[in-house]
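What follows is the content of target.txt, which has compact mmCIF, C-alpha atoms and all ligand atoms:
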```
# COMPACT_ATOMS: atom_id res chain seq x y z
CA MET C 1 119.97 160.31 51.68
CA ALA C 2 122.86 158.72 53.42
CA LYS C 3 121.36 159.72 56.74
CA LEU C 4 118.03 158.14 55.85
CA ARG C 5 119.66 154.89 54.75
CA ASN C 6 121.50 154.77 58.05
CA ALA C 7 118.24 155.15 59.93
CA ARG C 8 116.58 152.18 58.21
CA PHE C 9 119.64 149.92 58.36
CA PRO C 10 121.42 150.82 61.59
CA ASN C 11 125.15 150.52 61.87
CA ARG C 12 126.03 146.74 62.08
CA ARG C 13 129.13 147.30 64.13
CA SER C 14 127.25 148.95 66.96
CA SER C 15 124.33 146.44 67.47
CA SER C 16 125.27 142.94 66.04
CA PRO C 17 127.26 140.54 68.24
CA THR C 18 130.98 140.54 67.66
CA PRO C 19 132.81 137.30 66.65
CA THR C 20 134.37 137.24 70.13
CA LEU C 21 130.93 137.29 71.75
CA ILE C 22 129.66 134.45 69.48
CA LEU C 23 132.77 132.41 70.25
CA SER C 24 132.33 132.96 73.99
CA LEU C 25 128.66 131.88 73.79
CA ILE C 26 129.62 128.67 71.89
CA LEU C 27 132.26 127.93 74.52
CA VAL C 28 129.82 128.45 77.41
CA PHE C 29 127.16 126.22 75.78
CA SER C 30 129.69 123.47 74.97
CA PHE C 31 130.89 123.57 78.56
CA LEU C 32 127.31 123.33 79.88
CA ALA C 33 126.55 120.41 77.51
CA LEU C 34 129.66 118.58 78.71
CA ILE C 35 128.59 118.98 82.35
CA LEU C 36 125.03 117.71 81.57
CA LEU C 37 126.46 114.74 79.62
CA SER C 38 128.81 113.78 82.44
CA LEU C 39 125.94 113.97 84.96
CA GLY C 40 123.83 111.71 82.71
CA ILE C 41 121.10 114.37 82.42
CA LEU C 42 121.72 114.63 78.69
CA SER C 43 122.37 111.62 76.45
CA ILE C 44 123.56 111.17 72.89
CA PRO C 45 120.92 109.18 70.96
CA SER C 46 122.01 105.77 69.69
CA SER C 47 122.02 105.30 65.92
CA SER C 48 121.04 101.61 66.12
CA ARG C 49 117.44 101.28 64.98
CA GLY C 50 116.18 103.67 67.63
CA GLY C 51 117.77 101.90 70.62
CA GLU C 52 114.57 100.32 71.98
CA SER C 53 114.38 97.71 69.21
CA ASP C 54 117.90 96.43 69.87
CA LEU C 55 117.97 92.82 71.07
CA HIS C 56 121.26 93.23 72.89
CA PRO C 57 121.48 96.56 74.69
CA ASN C 58 124.50 97.00 76.88
CA ARG C 59 124.43 96.61 80.65
CA SER C 60 124.55 100.35 81.31
CA SER C 61 121.49 101.00 79.18
CA ILE C 62 119.56 98.36 81.15
CA SER C 63 120.57 99.74 84.50
CA ARG C 64 119.72 103.25 83.32
CA ARG C 65 116.29 102.06 82.21
CA ILE C 66 115.72 100.20 85.47
CA ALA C 67 116.88 103.18 87.50
CA ARG C 68 114.64 105.48 85.51
CA SER C 69 111.53 103.35 85.87
CA SER C 70 112.17 102.81 89.57
CA SER C 71 112.40 106.52 90.22
CA SER C 72 109.39 107.60 88.18
CA ASN C 73 107.52 104.25 88.32
CA GLU C 74 106.48 105.08 84.77
CA GLU C 75 105.64 101.48 83.82
CA GLY C 76 103.58 100.83 86.96
CA ARG C 77 105.93 98.03 88.03
CA GLY C 78 107.10 99.34 91.38
CA GLU C 79 110.74 99.45 92.38
CA GLN C 80 112.92 97.10 90.35
CA TRP C 81 116.17 95.51 91.41
CA THR C 82 117.98 92.24 90.95
CA GLU C 83 119.28 89.93 93.62
CA ILE C 84 121.72 87.05 93.12
CA ILE C 85 120.50 84.17 95.27
CA SER C 86 122.87 81.38 94.25
CA TRP C 87 125.96 80.58 92.17
CA GLU C 88 125.27 76.82 92.05
CA PRO C 89 122.91 76.91 90.25
CA ARG C 90 123.34 80.41 88.91
CA ALA C 91 120.09 82.03 89.98
CA SER C 92 118.80 85.54 90.54
CA ILE C 93 115.52 87.29 91.26
CA TYR C 94 114.39 90.33 89.30
CA HIS C 95 111.94 92.09 91.59
CA ASN C 96 108.85 93.63 89.97
CA PHE C 97 109.75 92.33 86.54
CA LEU C 98 106.07 92.41 85.51
CA SER C 99 103.38 94.92 86.42
CA ARG C 100 100.14 93.80 88.08
CA GLU C 101 98.33 94.54 84.80
CA GLU C 102 100.71 92.29 82.84
CA CYS C 103 100.24 89.46 85.37
CA GLU C 104 96.46 89.75 85.20
CA TYR C 105 96.56 89.97 81.41
CA LEU C 106 98.53 86.71 81.08
CA ILE C 107 96.20 84.90 83.50
CA GLU C 108 93.05 86.07 81.69
CA LEU C 109 94.53 85.13 78.32
CA ALA C 110 95.48 81.65 79.51
CA LYS C 111 92.38 80.80 81.59
CA PRO C 112 90.11 79.53 78.79
CA LYS C 113 92.89 77.30 77.40
CA MET C 114 94.21 75.62 80.55
CA GLN C 115 94.84 71.88 80.32
CA LYS C 116 96.34 69.33 82.66
CA SER C 117 100.15 69.71 82.59
CA THR C 118 102.30 66.95 81.12
CA VAL C 119 105.96 65.93 81.44
CA VAL C 120 108.43 64.68 78.83
CA ASP C 121 108.95 60.93 78.58
CA SER C 122 112.75 60.61 78.54
CA ALA C 123 112.56 57.33 76.55
CA THR C 124 110.40 58.64 73.70
CA GLY C 125 110.73 62.41 74.14
CA LYS C 126 106.93 62.71 73.91
CA SER C 127 104.60 64.44 76.43
CA LYS C 128 102.81 62.26 78.95
CA ASP C 129 100.58 62.67 82.02
CA SER C 130 102.36 62.31 85.31
CA ARG C 131 101.77 62.35 89.03
CA VAL C 132 104.96 64.41 89.49
CA ARG C 133 103.32 67.40 87.84
CA THR C 134 99.74 68.05 88.85
CA SER C 135 99.24 71.64 87.74
CA SER C 136 97.39 72.82 84.64
CA GLY C 137 98.88 74.98 81.94
CA THR C 138 98.90 76.35 78.43
CA PHE C 139 101.36 77.86 75.95
CA LEU C 140 100.96 81.40 74.60
CA PRO C 141 102.66 81.67 71.20
CA ARG C 142 105.83 83.79 71.00
CA GLY C 143 105.12 87.34 69.79
CA ARG C 144 101.36 86.71 70.10
CA ASP C 145 100.46 90.36 70.80
CA LYS C 146 101.89 93.70 71.89
CA VAL C 147 101.93 92.90 75.63
CA ILE C 148 103.65 89.56 75.12
CA ARG C 149 106.15 91.09 72.70
CA ALA C 150 107.04 93.73 75.31
CA ILE C 151 107.53 91.05 77.99
CA GLU C 152 109.64 88.90 75.65
CA LYS C 153 111.78 91.91 74.76
CA ARG C 154 112.28 92.60 78.49
CA ILE C 155 113.30 88.97 79.03
CA ALA C 156 115.86 89.20 76.21
CA ASP C 157 117.23 92.46 77.62
CA PHE C 158 117.63 90.93 81.08
CA THR C 159 119.06 87.55 80.06
CA PHE C 160 121.04 88.56 76.95
CA ILE C 161 119.40 85.61 75.21
CA PRO C 162 117.73 86.63 71.93
CA ILE C 163 113.92 86.59 71.72
CA GLU C 164 114.21 84.02 68.89
CA ASN C 165 115.80 81.48 71.26
CA GLY C 166 112.77 81.48 73.55
CA GLU C 167 109.89 79.01 73.53
CA GLY C 168 106.36 80.41 73.81
CA LEU C 169 105.36 81.53 77.32
CA GLN C 170 103.86 78.75 79.37
CA VAL C 171 101.26 79.84 81.92
CA LEU C 172 100.82 77.48 84.88
CA HIS C 173 98.13 77.24 87.54
CA TYR C 174 98.50 75.29 90.80
CA GLU C 175 95.55 74.80 93.13
CA VAL C 176 95.83 73.64 96.74
CA GLY C 177 97.85 70.41 96.86
CA GLN C 178 99.18 70.77 93.30
CA LYS C 179 102.93 70.67 92.73
CA TYR C 180 105.78 69.92 90.36
CA GLU C 181 108.30 67.44 91.77
CA PRO C 182 112.02 68.32 91.39
CA HIS C 183 113.23 67.89 87.80
CA PHE C 184 115.67 69.35 85.29
CA ASP C 185 114.61 71.68 82.52
CA TYR C 186 117.34 70.39 80.20
CA PHE C 187 116.66 67.33 78.05
CA LEU C 188 118.42 64.00 78.04
CA ASP C 189 116.86 62.81 74.78
CA GLU C 190 117.60 63.82 71.20
CA TYR C 191 114.00 64.34 70.13
CA ASN C 192 113.47 67.46 72.26
CA THR C 193 116.71 69.20 71.30
CA LYS C 194 116.16 69.03 67.53
CA ASN C 195 114.49 72.44 67.53
CA GLY C 196 116.75 75.06 69.15
CA GLY C 197 119.16 72.69 70.91
CA GLN C 198 119.38 72.38 74.69
CA ARG C 199 117.42 74.51 77.16
CA MET C 200 120.03 76.85 78.57
CA ALA C 201 118.10 79.01 81.05
CA THR C 202 114.62 79.44 82.51
CA LEU C 203 112.80 82.57 83.61
CA LEU C 204 109.95 81.83 86.01
CA MET C 205 107.60 84.75 86.44
CA TYR C 206 105.19 84.74 89.36
CA LEU C 207 101.79 86.04 88.31
CA SER C 208 100.26 85.82 91.80
CA ASP C 209 101.22 85.75 95.45
CA VAL C 210 100.61 82.44 97.27
CA GLU C 211 99.39 82.52 100.85
CA GLU C 212 101.26 79.38 101.88
CA GLY C 213 103.48 76.89 100.06
CA GLY C 214 104.05 76.93 96.30
CA GLU C 215 107.72 77.90 96.61
CA THR C 216 110.17 77.10 93.83
CA VAL C 217 112.74 74.88 95.50
CA PHE C 218 116.29 73.93 94.43
CA PRO C 219 116.99 70.88 96.63
CA THR C 220 120.64 70.47 95.56
CA ALA C 221 121.68 74.13 95.48
CA LYS C 222 125.03 74.72 97.14
CA GLY C 223 125.29 77.19 99.97
CA ASN C 224 123.65 78.04 103.24
CA PHE C 225 120.08 78.22 102.02
CA SER C 226 118.62 78.57 105.53
CA ALA C 227 120.25 82.02 105.59
CA VAL C 228 117.61 83.49 103.25
CA PRO C 229 115.64 86.26 105.01
CA TRP C 230 112.32 84.55 104.20
CA TRP C 231 113.33 81.18 105.79
CA ASN C 232 110.67 81.32 108.54
CA GLU C 233 107.90 81.84 106.00
CA LEU C 234 108.72 78.65 104.04
CA SER C 235 106.70 75.44 104.02
CA GLU C 236 108.32 72.10 104.98
CA CYS C 237 108.91 71.41 101.27
CA GLY C 238 110.43 74.86 100.84
CA LYS C 239 112.89 74.17 103.63
CA ARG C 240 114.32 71.21 101.69
CA GLY C 241 116.56 73.48 99.66
CA LEU C 242 117.09 76.99 98.40
CA SER C 243 113.58 78.36 97.95
CA VAL C 244 111.91 81.34 96.39
CA LYS C 245 108.51 82.45 97.62
CA PRO C 246 106.18 83.42 94.78
CA LYS C 247 105.46 87.13 94.72
CA MET C 248 103.32 88.68 92.00
CA GLY C 249 105.52 90.35 89.36
CA ASP C 250 108.84 88.87 90.51
CA ALA C 251 110.89 86.76 88.09
CA LEU C 252 113.36 84.02 88.94
CA LEU C 253 116.13 83.41 86.42
CA PHE C 254 118.23 80.27 86.66
CA TRP C 255 120.68 78.57 84.32
CA SER C 256 120.54 74.89 83.40
CA MET C 257 123.93 75.12 81.72
CA ARG C 258 127.23 76.32 83.09
CA PRO C 259 129.31 78.92 81.23
CA ASP C 260 131.36 76.06 79.71
CA ALA C 261 128.11 74.65 78.20
CA THR C 262 127.98 71.55 80.43
CA LEU C 263 124.67 70.65 82.06
CA ASP C 264 124.36 71.95 85.60
CA GLU C 265 122.84 69.26 87.86
CA SER C 266 122.46 71.78 90.66
CA SER C 267 119.64 73.34 88.59
CA LEU C 268 117.31 70.56 89.82
CA HIS C 269 114.16 72.39 90.92
CA GLY C 270 110.50 71.88 91.65
CA GLY C 271 107.28 73.64 92.61
CA CYS C 272 106.26 72.87 96.22
CA PRO C 273 102.62 71.95 96.87
CA VAL C 274 100.36 74.94 97.36
CA ILE C 275 99.02 74.82 100.92
CA MET C 276 96.78 77.87 100.90
CA GLY C 277 95.69 80.05 97.98
CA ASN C 278 96.40 79.72 94.26
CA LYS C 279 99.63 79.90 92.35
CA TRP C 280 99.84 81.34 88.84
CA SER C 281 103.19 81.52 87.10
CA SER C 282 104.62 81.83 83.63
CA THR C 283 107.73 80.06 82.37
CA LYS C 284 110.03 81.13 79.55
CA TRP C 285 112.49 78.43 78.52
CA MET C 286 115.43 79.65 76.51
CA ARG C 287 117.44 77.54 74.08
CA VAL C 288 121.01 77.58 72.92
CA HIS C 289 119.96 78.30 69.32
CA GLU C 290 116.97 79.84 67.61
CA TYR C 291 113.77 78.02 68.49
CA LYS C 292 111.36 77.79 65.54
CA ALA C 293 108.01 78.69 67.07
O1 LIG L 301 106.23 76.48 89.49
C1 LIG L 301 107.39 76.38 89.88
O2 LIG L 301 107.79 76.95 90.87
C2 LIG L 301 108.32 75.52 89.10
C3 LIG L 301 107.92 75.42 87.67
C4 LIG L 301 108.89 74.64 86.90
O3 LIG L 301 109.68 73.94 87.43
C5 LIG L 301 108.93 74.71 85.45
O4 LIG L 301 108.05 75.34 84.85
O5 LIG L 301 109.90 74.14 84.87
```
The structure in this file should be written as structure tokens.
Amino acid sequence: MAKLRNARFPNRRSSSPTPTLILSLILVFSFLALILLSLGILSIPSSSRGGESDLHPNRSSISRRIARSSSSNEEGRGEQWTEIISWEPRASIYHNFLSREECEYLIELAKPKMQKSTVVDSATGKSKDSRVRTSSGTFLPRGRDKVIRAIEKRIADFTFIPIENGEGLQVLHYEVGQKYEPHFDYFLDEYNTKNGGQRMATLLMYLSDVEEGGETVFPTAKGNFSAVPWWNELSECGKRGLSVKPKMGDALLFWSMRPDATLDESSLHGGCPVIMGNKWSSTKWMRVHEYKA
């Protein structure tokens, strides 16, 4: 009987792993996990609402995400990198911020609603027609749909300014000869700062390339602006300051306020006349406080 029992339930000591073996295996796996963590191949999931829905991810998570999408191109946006172009005003370009599909989507959404652009009357704070701004445009409400929500989330991640502080996206269209003379984005009247306070920063996203002209120019930027690599490609207007040539998908971020919250006059900027082609862009103005959309 005893023999039979032994046959059905073989001797544990001879075939099951010993405590020393189990301990060694745990040690080896822990060691491997530590190596993978230190190489960044493995990551510990964040406990904060799934990570992606955070409004304020830290810098390393952004750079990891950028690095990941640039290597696998998983979002169809091409290689992404940022470039500081000026400290006065504080301005940088985020290359390939939007995909071609996102650019085309915004244009198609805006097209049926385009109206002649207006400017703010600094005496009354109300919108008025003006010869300084000859483009056409329309606003797309904040959080309007999934695509816009994804873009607005990306803007918040890049700028560290909460989605709630942003105005709706404005889509602009400039035809040949159309322009926006140099101006400030901040307000000098009380009427326009009641909702959300002052405009602190602007993100200009280029939805199309422009064959000639149409640069965004900062005429009072400090620094040697003729040193930019694209100097020879600029129009006469573009050579009047630090200029950015529109390139589909690129985004230009600049700050209208300094870190000490004073208004930065070097943020004066304008859209040069388009000489050849069409210019489509989208502007996100960001306020100091929540902007009630
Ligand atoms: O189109 C541009 O390059 C400039 C646009 C602009 O100045 C604005 O939207 O405030």
Could you list, with a cut-off of 8 Å and counting all atoms listed in the file, the residues of chain C near ligand LIG 301 (chain L), each shown with its nearest atom pair and the distance in Å rounded to one decimal, rows sorted by chain and ascending number, as CSV?
```
residue,atom,partner,partner_atom,distance
C:Gln170,CA,L:LIG301,O4,7.7
C:Leu172,CA,L:LIG301,O1,7.2
C:Tyr174,CA,L:LIG301,O1,7.9
C:Lys179,CA,L:LIG301,O1,7.4
C:Tyr180,CA,L:LIG301,C2,6.3
C:Glu181,CA,L:LIG301,O3,7.9
C:Pro182,CA,L:LIG301,O3,7.3
C:His183,CA,L:LIG301,O3,7.0
C:Phe184,CA,L:LIG301,O5,7.5
C:Asp185,CA,L:LIG301,O5,5.8
C:Thr202,CA,L:LIG301,O5,7.5
C:Leu204,CA,L:LIG301,O4,6.9
C:Gly214,CA,L:LIG301,O2,6.6
C:Glu215,CA,L:LIG301,O2,5.8
C:Thr216,CA,L:LIG301,O2,3.8
C:Val217,CA,L:LIG301,O2,7.1
C:Pro246,CA,L:LIG301,O2,7.7
C:His269,CA,L:LIG301,O3,5.9
C:Gly270,CA,L:LIG301,O3,4.8
C:Gly271,CA,L:LIG301,O2,3.8
C:Cys272,CA,L:LIG301,O2,6.9
C:Lys279,CA,L:LIG301,O1,8.0
C:Ser281,CA,L:LIG301,O1,6.4
C:Ser282,CA,L:LIG301,O4,7.4
C:Thr283,CA,L:LIG301,O4,5.3
```
Length of the CA of Gly197 (chain C) to CA of Cys103 (chain C) vector [Å]: 29.1 Å
Interatomic distance, CA of Ser136 (chain C) to CA of Met114 (chain C) (Å, one decimal):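 CA of Met114 (chain C) lies 5.9 Å from CA of Ser136 (chain C).
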Residues near Thr193 (chain C), cut-off 10 Å, all atoms listed in the file, skip fewer than 6 positions along chain, as a ChimeraX atom specification: /C:125,186-187,199,287-289,291
Residue with smallest distance to Thr220 (chain C) - pool C:Ala156, C:Ile148, C:Met200, C:Leu268, counting only C-alpha atoms: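 Of all the options, C:Leu268 lies closest to Thr220 (chain C).
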Taking N, CA and C atoms as the atom set, what does region 246-260 of chain C look like once completed, written as a compact mmCIF listing (two decimals), in the frame of the given file?
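Written out: rebuild_5.txt:
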```
# COMPACT_ATOMS: atom_id res chain seq x y z
N PRO C 246 106.80 82.69 95.89
CA PRO C 246 106.18 83.42 94.78
C PRO C 246 105.67 84.79 95.22
N LYS C 247 106.00 85.79 94.45
CA LYS C 247 105.46 87.13 94.72
C LYS C 247 105.06 87.74 93.36
N MET C 248 103.83 88.17 93.28
CA MET C 248 103.32 88.68 92.00
C MET C 248 104.28 89.68 91.36
N GLY C 249 104.66 89.42 90.11
CA GLY C 249 105.52 90.35 89.36
C GLY C 249 107.00 90.01 89.41
N ASP C 250 107.41 89.23 90.42
CA ASP C 250 108.84 88.87 90.51
C ASP C 250 109.19 87.79 89.48
N ALA C 251 110.44 87.78 89.06
CA ALA C 251 110.89 86.76 88.09
C ALA C 251 112.16 86.11 88.61
N LEU C 252 112.19 84.80 88.50
CA LEU C 252 113.36 84.02 88.94
C LEU C 252 114.07 83.51 87.70
N LEU C 253 115.33 83.90 87.56
CA LEU C 253 116.13 83.41 86.42
C LEU C 253 117.12 82.38 86.94
N PHE C 254 117.16 81.21 86.31
CA PHE C 254 118.23 80.27 86.66
C PHE C 254 118.73 79.58 85.39
N TRP C 255 119.98 79.12 85.49
CA TRP C 255 120.68 78.57 84.32
C TRP C 255 120.81 77.06 84.45
N SER C 256 120.42 76.35 83.41
CA SER C 256 120.54 74.89 83.40
C SER C 256 121.89 74.46 82.84
N MET C 257 122.60 75.41 82.26
CA MET C 257 123.93 75.12 81.72
C MET C 257 124.95 76.03 82.35
N ARG C 258 126.14 75.50 82.55
CA ARG C 258 127.23 76.32 83.09
C ARG C 258 127.84 77.15 81.95
N PRO C 259 128.69 78.11 82.29
CA PRO C 259 129.31 78.92 81.23
C PRO C 259 130.12 78.08 80.24
N ASP C 260 130.59 76.89 80.65
CA ASP C 260 131.36 76.06 79.71
C ASP C 260 130.44 75.13 78.91
```
